[in-house]
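Taking it in order: structure first as structure tokens, then the write-up.
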Amino acid sequence: MIVITAPTGNIGQRLLSLLVEAAPAHGEELRVVVRDPARLPEAVRGRVEVVVGSHGDAATVERAFAGADAVFWLVPPDASVTPDEAYSGFTRPAARAFAAHGVGHVVGVSALGRGTPQAAQAGLVTASLAMDDLIADSGVAYRALANPSFFENLLEEADSIRDNGVFTDTVAADRPAPLVAVADIAAAAAGLLLDRSWSGVGSVAVLGPQDLSPDDLARIMTEELGRPVRYRRRPLDELRSDLLGHGLNEAFVEGMVDMKRAKDRGLDSGVDRSPAGPATGFAQWCAQTLKPAVLAAPEAVDAR
């Protein structure tokens, strides 16, 4: 029995699709934890067991992890609380349930940065790494998927790219860093969940095929979209003001700012790439995912 948390999110829905197709051949049953079962794709509802509720709730995870052999763990974003509450606070009931029900293997979504000079002052990443330690201390075999920033973050910039030819971030324009497509994270998770020959505690870096700077991204987007795209670097103070203006928790905002500062100082750099497994290139992702979003009519984008 494999339990999938956050099965309707960007990563979870892709993972669920992969496992629904592959699990029967591996003799695996699937169970999902979801707040709103109506959000599950209709094609998979009859092929998985559904536990309704939040996987941050103790009673829900008690039901969800009973009889489970493996769990995919992903903390949903919650900018209304502190980083520690958002990661370790949300995960604590699950860690107790892992131990109580003898769950053997857990695969979690986490971040790059462990062992770097920036790790202790990296805001949300620091909180994510502490969550990994909490899970590892529960006694399960654990693999943290150590991810850089996602290609999909650029979808939030689709309107600006379409209307102004501009995307923004807070890192230096010429700083190369790894990025990743969420589909590759889902594929890595599926591989670990279906082949549980691994043991102990560790992390698996999930990276795109090459490091790219914002200037590199602008060049590739210009080529793939057929229109000029340039990068504008946002000051951290501007980011902080914008996020606070949206009513986010002040400590969470500082965690976001600290993470962005750490990334600009090399938090994600220097990670060796594994030769195993395909990785989605940025040009491929632009053509398949970003281009349709950018070229869509504004009213169509607003209606999504």
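Each chain in the structure tokens gets a letter, A, B and so on, in the order shown; residues start at 1 in every chain, and ligands are counted from 1 in the order they appear.
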
- Message: as a ChimeraX atom specification, please: the residues near Leu236 (chain A) (cut-off 12 Å, only C-alpha atoms, same-chain neighbours under 6 positions excluded).
- Response: /A:168-172,242-243,253-262,264

Since we have the selection now, will you write its residues out, keeping N, CA and C atoms, as a CSV table (one decimal), in the first residue's frame?
chain,number,residue,atom,x,y,z
A,168,THR,N,10.7,38.4,-13.6
A,168,THR,CA,11.4,38.9,-12.4
A,168,THR,C,11.8,37.8,-11.5
A,169,ASP,N,12.9,38.1,-10.7
A,169,ASP,CA,13.3,37.3,-9.6
A,169,ASP,C,14.3,38.2,-8.8
A,170,THR,N,14.9,37.7,-7.8
A,170,THR,CA,15.7,38.5,-6.9
A,170,THR,C,17.2,38.1,-7.0
A,171,VAL,N,17.6,37.1,-7.8
A,171,VAL,CA,19.0,36.7,-7.9
A,171,VAL,C,19.7,37.5,-9.0
A,172,ALA,N,21.0,37.5,-8.9
A,172,ALA,CA,21.8,38.2,-9.9
A,172,ALA,C,21.5,37.6,-11.3
A,242,ASP,N,5.8,43.6,-1.1
A,242,ASP,CA,4.7,43.0,-1.9
A,242,ASP,C,4.0,41.9,-1.1
A,243,LEU,N,4.8,41.0,-0.6
A,243,LEU,CA,4.2,39.9,0.1
A,243,LEU,C,3.5,40.3,1.4
A,253,VAL,N,7.0,35.5,5.5
A,253,VAL,CA,7.6,36.5,4.5
A,253,VAL,C,9.1,36.6,4.7
A,254,GLU,N,9.6,36.7,5.9
A,254,GLU,CA,11.0,36.8,6.2
A,254,GLU,C,11.7,35.5,5.8
A,255,GLY,N,11.0,34.4,5.9
A,255,GLY,CA,11.5,33.1,5.5
A,255,GLY,C,11.7,33.0,4.0
A,256,MET,N,10.7,33.6,3.3
A,256,MET,CA,10.8,33.7,1.8
A,256,MET,C,12.0,34.6,1.4
A,257,VAL,N,12.1,35.7,2.0
A,257,VAL,CA,13.2,36.6,1.7
A,257,VAL,C,14.6,36.0,2.0
A,258,ASP,N,14.7,35.3,3.2
A,258,ASP,CA,15.9,34.7,3.5
A,258,ASP,C,16.3,33.6,2.5
A,259,MET,N,15.3,32.8,2.1
A,259,MET,CA,15.5,31.8,1.1
A,259,MET,C,16.0,32.4,-0.2
A,260,LYS,N,15.4,33.5,-0.7
A,260,LYS,CA,15.9,34.1,-1.9
A,260,LYS,C,17.3,34.7,-1.8
A,261,ARG,N,17.6,35.2,-0.6
A,261,ARG,CA,18.9,35.8,-0.4
A,261,ARG,C,20.0,34.6,-0.4
A,262,ALA,N,19.6,33.5,0.2
A,262,ALA,CA,20.5,32.3,0.3
A,262,ALA,C,20.7,31.8,-1.1
A,264,ASP,N,20.7,33.4,-3.9
A,264,ASP,CA,21.6,34.4,-4.6
A,264,ASP,C,23.0,34.2,-4.1

- Message: Using only C-alpha atoms, which protein or nucleic acid residues come within 8 Å of Asp184 (chain A)? Drop anything in the same chain fewer than 4 positions from it, and give the result as a list of chain:residue names.
- Response: A:Val180, A:Ala188, A:Val206, A:Ala279, A:Thr280

- Task: Step one, run DSSP on the backbone; step two, keep only residues of region 19-256 of chain A assigned to strand (DSSP E or B); then write them as a ChimeraX atom specification.
- Result: /A:30-34,49-52,70-73,105-111,141-147,149-150,166-169,177,179-180,201-205,212,230-233

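Compared by their closest atoms to Glu157 (chain A), and using only C-alpha atoms, the residues A:Tyr142, A:Lys291, A:Gly108, A:Ala99 rank with A:Lys291 nearest.
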
- Task: Tell me, as a list in words, which residues lie within 10 Å of Ala136 (chain A), counting only C-alpha atoms; anything in the same chain fewer than 5 positions away does not count.
- Result: Ala95, Val106, Ala130, Met131, Ala141, Tyr142, Arg143, Ala144, Gly200, Val201 and Gly202 of chain A

Take the residues from that selection and put them in a file with all heavy atoms, as a JSON list (two decimals), in the first residue's frame.
[["chain", "number", "residue", "atom", "x", "y", "z"],
["A", 95, "ALA", "N", 4.66, 12.21, 11.50],
["A", 95, "ALA", "CA", 5.85, 11.52, 11.99],
["A", 95, "ALA", "C", 5.49, 10.54, 13.11],
["A", 95, "ALA", "O", 6.01, 9.42, 13.18],
["A", 95, "ALA", "CB", 6.89, 12.54, 12.47],
["A", 106, "VAL", "N", 9.36, 6.38, 3.38],
["A", 106, "VAL", "CA", 8.74, 7.68, 3.10],
["A", 106, "VAL", "C", 9.61, 8.43, 2.10],
["A", 106, "VAL", "O", 10.84, 8.47, 2.23],
["A", 106, "VAL", "CB", 8.57, 8.53, 4.38],
["A", 106, "VAL", "CG1", 8.01, 9.91, 4.05],
["A", 106, "VAL", "CG2", 7.67, 7.81, 5.39],
["A", 130, "ALA", "N", 14.69, 20.99, 8.36],
["A", 130, "ALA", "CA", 14.31, 20.56, 9.71],
["A", 130, "ALA", "C", 13.18, 19.54, 9.66],
["A", 130, "ALA", "O", 13.14, 18.59, 10.45],
["A", 130, "ALA", "CB", 13.91, 21.77, 10.55],
["A", 131, "MET", "N", 12.25, 19.73, 8.72],
["A", 131, "MET", "CA", 11.17, 18.74, 8.52],
["A", 131, "MET", "C", 11.76, 17.39, 8.13],
["A", 131, "MET", "O", 11.31, 16.34, 8.62],
["A", 131, "MET", "CB", 10.21, 19.23, 7.45],
["A", 131, "MET", "CG", 9.13, 18.23, 7.07],
["A", 131, "MET", "SD", 8.30, 18.62, 5.51],
["A", 131, "MET", "CE", 9.61, 18.19, 4.32],
["A", 141, "ALA", "N", 12.69, 4.49, 6.75],
["A", 141, "ALA", "CA", 13.66, 4.72, 5.69],
["A", 141, "ALA", "C", 13.16, 5.93, 4.91],
["A", 141, "ALA", "O", 11.99, 5.96, 4.50],
["A", 141, "ALA", "CB", 13.77, 3.50, 4.77],
["A", 142, "TYR", "N", 14.01, 6.93, 4.74],
["A", 142, "TYR", "CA", 13.54, 8.21, 4.20],
["A", 142, "TYR", "C", 14.45, 8.70, 3.08],
["A", 142, "TYR", "O", 15.68, 8.62, 3.18],
["A", 142, "TYR", "CB", 13.50, 9.26, 5.31],
["A", 142, "TYR", "CG", 13.00, 10.61, 4.85],
["A", 142, "TYR", "CD1", 11.76, 10.74, 4.24],
["A", 142, "TYR", "CD2", 13.75, 11.76, 5.05],
["A", 142, "TYR", "CE1", 11.28, 11.98, 3.82],
["A", 142, "TYR", "CE2", 13.29, 13.01, 4.65],
["A", 142, "TYR", "CZ", 12.05, 13.11, 4.03],
["A", 142, "TYR", "OH", 11.59, 14.34, 3.62],
["A", 143, "ARG", "N", 13.81, 9.16, 2.02],
["A", 143, "ARG", "CA", 14.53, 9.85, 0.95],
["A", 143, "ARG", "C", 13.87, 11.21, 0.73],
["A", 143, "ARG", "O", 12.69, 11.30, 0.39],
["A", 143, "ARG", "CB", 14.50, 9.06, -0.36],
["A", 143, "ARG", "CG", 15.37, 7.84, -0.37],
["A", 143, "ARG", "CD", 16.86, 8.19, -0.24],
["A", 143, "ARG", "NE", 17.71, 7.00, -0.24],
["A", 143, "ARG", "CZ", 18.03, 6.32, 0.86],
["A", 143, "ARG", "NH1", 17.55, 6.70, 2.04],
["A", 143, "ARG", "NH2", 18.81, 5.26, 0.79],
["A", 144, "ALA", "N", 14.65, 12.26, 0.94],
["A", 144, "ALA", "CA", 14.21, 13.62, 0.67],
["A", 144, "ALA", "C", 14.56, 13.96, -0.77],
["A", 144, "ALA", "O", 15.72, 13.86, -1.17],
["A", 144, "ALA", "CB", 14.89, 14.60, 1.62],
["A", 200, "GLY", "N", 17.69, 3.25, 5.15],
["A", 200, "GLY", "CA", 18.37, 4.36, 5.79],
["A", 200, "GLY", "C", 17.79, 5.71, 5.40],
["A", 200, "GLY", "O", 16.68, 5.80, 4.89],
["A", 201, "VAL", "N", 18.58, 6.74, 5.65],
["A", 201, "VAL", "CA", 18.14, 8.12, 5.42],
["A", 201, "VAL", "C", 19.09, 8.79, 4.44],
["A", 201, "VAL", "O", 20.30, 8.65, 4.55],
["A", 201, "VAL", "CB", 18.11, 8.90, 6.75],
["A", 201, "VAL", "CG1", 17.82, 10.38, 6.52],
["A", 201, "VAL", "CG2", 17.09, 8.29, 7.70],
["A", 202, "GLY", "N", 18.54, 9.52, 3.48],
["A", 202, "GLY", "CA", 19.37, 10.22, 2.53],
["A", 202, "GLY", "C", 18.55, 11.18, 1.69],
["A", 202, "GLY", "O", 17.35, 11.34, 1.90]]

- For Ala218 (chain A): contacts at 12 Å, only C-alpha atoms, fewer than 2 positions along chain excluded, given as a PyMOL selection string: chain A and resi 154+161+165-169+173-174+212-216+220-232+282-283+286

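The closest residue to Ala111 (chain A), picked from A:Gln288, A:Ser203, A:Thr60, A:Ser17 and counting only C-alpha atoms, is A:Ser203.
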
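Using only C-alpha atoms, the contacts of Ala181 (chain A) at a cut-off of 10 Å, with sequence neighbours closer than 2 positions omitted, comprise Ile11, Asn147, Pro148, Ser149, Phe150, Phe151, Glu152, Asn153, Leu179, Ala183, Asp184, Ile185, Ala186, Val206, Leu207, Gly208, Ala279, Thr280, Gly281, Phe282 and Trp285 of chain A.
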
Limited to N, CA and C atoms, could you put the picked residues into a file as a PDB file, in the first residue's frame?
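After the write, part.pdb holds the following:
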ATOM      1  N   ILE A  11       2.799  18.517  -8.205  1.00  0.00           N
ATOM      2  CA  ILE A  11       3.609  17.298  -8.211  1.00  0.00           C
ATOM      3  C   ILE A  11       2.721  16.080  -7.986  1.00  0.00           C
ATOM      4  N   ASN A 147      15.203  19.531  -4.128  1.00  0.00           N
ATOM      5  CA  ASN A 147      14.877  20.237  -5.355  1.00  0.00           C
ATOM      6  C   ASN A 147      15.374  21.677  -5.345  1.00  0.00           C
ATOM      7  N   PRO A 148      15.744  22.185  -6.521  1.00  0.00           N
ATOM      8  CA  PRO A 148      15.969  23.620  -6.672  1.00  0.00           C
ATOM      9  C   PRO A 148      14.642  24.305  -6.981  1.00  0.00           C
ATOM     10  N   SER A 149      14.696  25.533  -7.489  1.00  0.00           N
ATOM     11  CA  SER A 149      13.477  26.213  -7.925  1.00  0.00           C
ATOM     12  C   SER A 149      12.866  25.484  -9.119  1.00  0.00           C
ATOM     13  N   PHE A 150      11.550  25.622  -9.265  1.00  0.00           N
ATOM     14  CA  PHE A 150      10.813  24.916 -10.321  1.00  0.00           C
ATOM     15  C   PHE A 150      10.690  25.779 -11.572  1.00  0.00           C
ATOM     16  N   PHE A 151      10.769  25.152 -12.742  1.00  0.00           N
ATOM     17  CA  PHE A 151      10.411  25.848 -13.976  1.00  0.00           C
ATOM     18  C   PHE A 151       9.017  26.478 -13.847  1.00  0.00           C
ATOM     19  N   GLU A 152       8.108  25.738 -13.218  1.00  0.00           N
ATOM     20  CA  GLU A 152       6.699  26.152 -13.162  1.00  0.00           C
ATOM     21  C   GLU A 152       6.489  27.473 -12.448  1.00  0.00           C
ATOM     22  N   ASN A 153       7.476  27.930 -11.654  1.00  0.00           N
ATOM     23  CA  ASN A 153       7.328  29.246 -11.031  1.00  0.00           C
ATOM     24  C   ASN A 153       7.152  30.336 -12.080  1.00  0.00           C
ATOM     25  N   LEU A 179      17.587  24.223 -12.047  1.00  0.00           N
ATOM     26  CA  LEU A 179      16.135  24.320 -11.946  1.00  0.00           C
ATOM     27  C   LEU A 179      15.569  22.961 -12.330  1.00  0.00           C
ATOM     28  N   ALA A 183       7.377  17.605 -13.335  1.00  0.00           N
ATOM     29  CA  ALA A 183       7.187  16.244 -13.856  1.00  0.00           C
ATOM     30  C   ALA A 183       8.364  15.351 -13.510  1.00  0.00           C
ATOM     31  N   ASP A 184       9.574  15.916 -13.480  1.00  0.00           N
ATOM     32  CA  ASP A 184      10.757  15.125 -13.140  1.00  0.00           C
ATOM     33  C   ASP A 184      10.776  14.771 -11.652  1.00  0.00           C
ATOM     34  N   ILE A 185      10.256  15.651 -10.814  1.00  0.00           N
ATOM     35  CA  ILE A 185      10.152  15.341  -9.386  1.00  0.00           C
ATOM     36  C   ILE A 185       9.172  14.189  -9.178  1.00  0.00           C
ATOM     37  N   ALA A 186       8.047  14.240  -9.866  1.00  0.00           N
ATOM     38  CA  ALA A 186       7.060  13.161  -9.766  1.00  0.00           C
ATOM     39  C   ALA A 186       7.645  11.837 -10.227  1.00  0.00           C
ATOM     40  N   VAL A 206      17.167  16.294  -7.459  1.00  0.00           N
ATOM     41  CA  VAL A 206      16.398  16.211  -8.703  1.00  0.00           C
ATOM     42  C   VAL A 206      16.616  17.521  -9.455  1.00  0.00           C
ATOM     43  N   LEU A 207      17.364  17.442 -10.551  1.00  0.00           N
ATOM     44  CA  LEU A 207      17.827  18.644 -11.242  1.00  0.00           C
ATOM     45  C   LEU A 207      17.511  18.584 -12.723  1.00  0.00           C
ATOM     46  N   GLY A 208      17.359  19.739 -13.326  1.00  0.00           N
ATOM     47  CA  GLY A 208      17.323  19.812 -14.777  1.00  0.00           C
ATOM     48  C   GLY A 208      18.686  19.479 -15.347  1.00  0.00           C
ATOM     49  N   ALA A 279      16.035  14.088 -17.895  1.00  0.00           N
ATOM     50  CA  ALA A 279      15.645  15.330 -17.244  1.00  0.00           C
ATOM     51  C   ALA A 279      15.096  16.279 -18.295  1.00  0.00           C
ATOM     52  N   THR A 280      14.047  16.991 -17.948  1.00  0.00           N
ATOM     53  CA  THR A 280      13.415  17.908 -18.882  1.00  0.00           C
ATOM     54  C   THR A 280      14.263  19.157 -19.052  1.00  0.00           C
ATOM     55  N   GLY A 281      14.604  19.491 -20.287  1.00  0.00           N
ATOM     56  CA  GLY A 281      15.357  20.707 -20.557  1.00  0.00           C
ATOM     57  C   GLY A 281      14.451  21.929 -20.540  1.00  0.00           C
ATOM     58  N   PHE A 282      15.054  23.088 -20.284  1.00  0.00           N
ATOM     59  CA  PHE A 282      14.237  24.292 -20.179  1.00  0.00           C
ATOM     60  C   PHE A 282      13.596  24.667 -21.513  1.00  0.00           C
ATOM     61  N   TRP A 285      10.595  22.506 -21.943  1.00  0.00           N
ATOM     62  CA  TRP A 285       9.505  22.929 -21.055  1.00  0.00           C
ATOM     63  C   TRP A 285       8.860  24.207 -21.568  1.00  0.00           C
TER      64      TRP A 285
END

Tell me, counting only C-alpha atoms, for each residue of region 184-213 of chain A within 12 Å of region 25-35 of chain A, which pair of atoms is nearest and how far apart they are in Å to one decimal, in rows ordered by chain and increasing number, as JSON lines.
{"residue": "A:Ala190", "atom": "CA", "partner": "A:His26", "partner_atom": "CA", "distance": 11.7}
{"residue": "A:Gly191", "atom": "CA", "partner": "A:His26", "partner_atom": "CA", "distance": 11.5}
{"residue": "A:Leu193", "atom": "CA", "partner": "A:Glu28", "partner_atom": "CA", "distance": 9.9}
{"residue": "A:Leu194", "atom": "CA", "partner": "A:His26", "partner_atom": "CA", "distance": 7.0}
{"residue": "A:Asp195", "atom": "CA", "partner": "A:His26", "partner_atom": "CA", "distance": 8.8}
{"residue": "A:Arg196", "atom": "CA", "partner": "A:His26", "partner_atom": "CA", "distance": 11.1}

- Message: List as a ChimeraX atom specification the protein and nucleic acid residues near region 76-85 of chain A, meaning an atom at most 6 Å away when only C-alpha atoms are counted, but skip any in the same chain fewer than 6 places from it.
- Response: /A:124,127,248-249,251-252
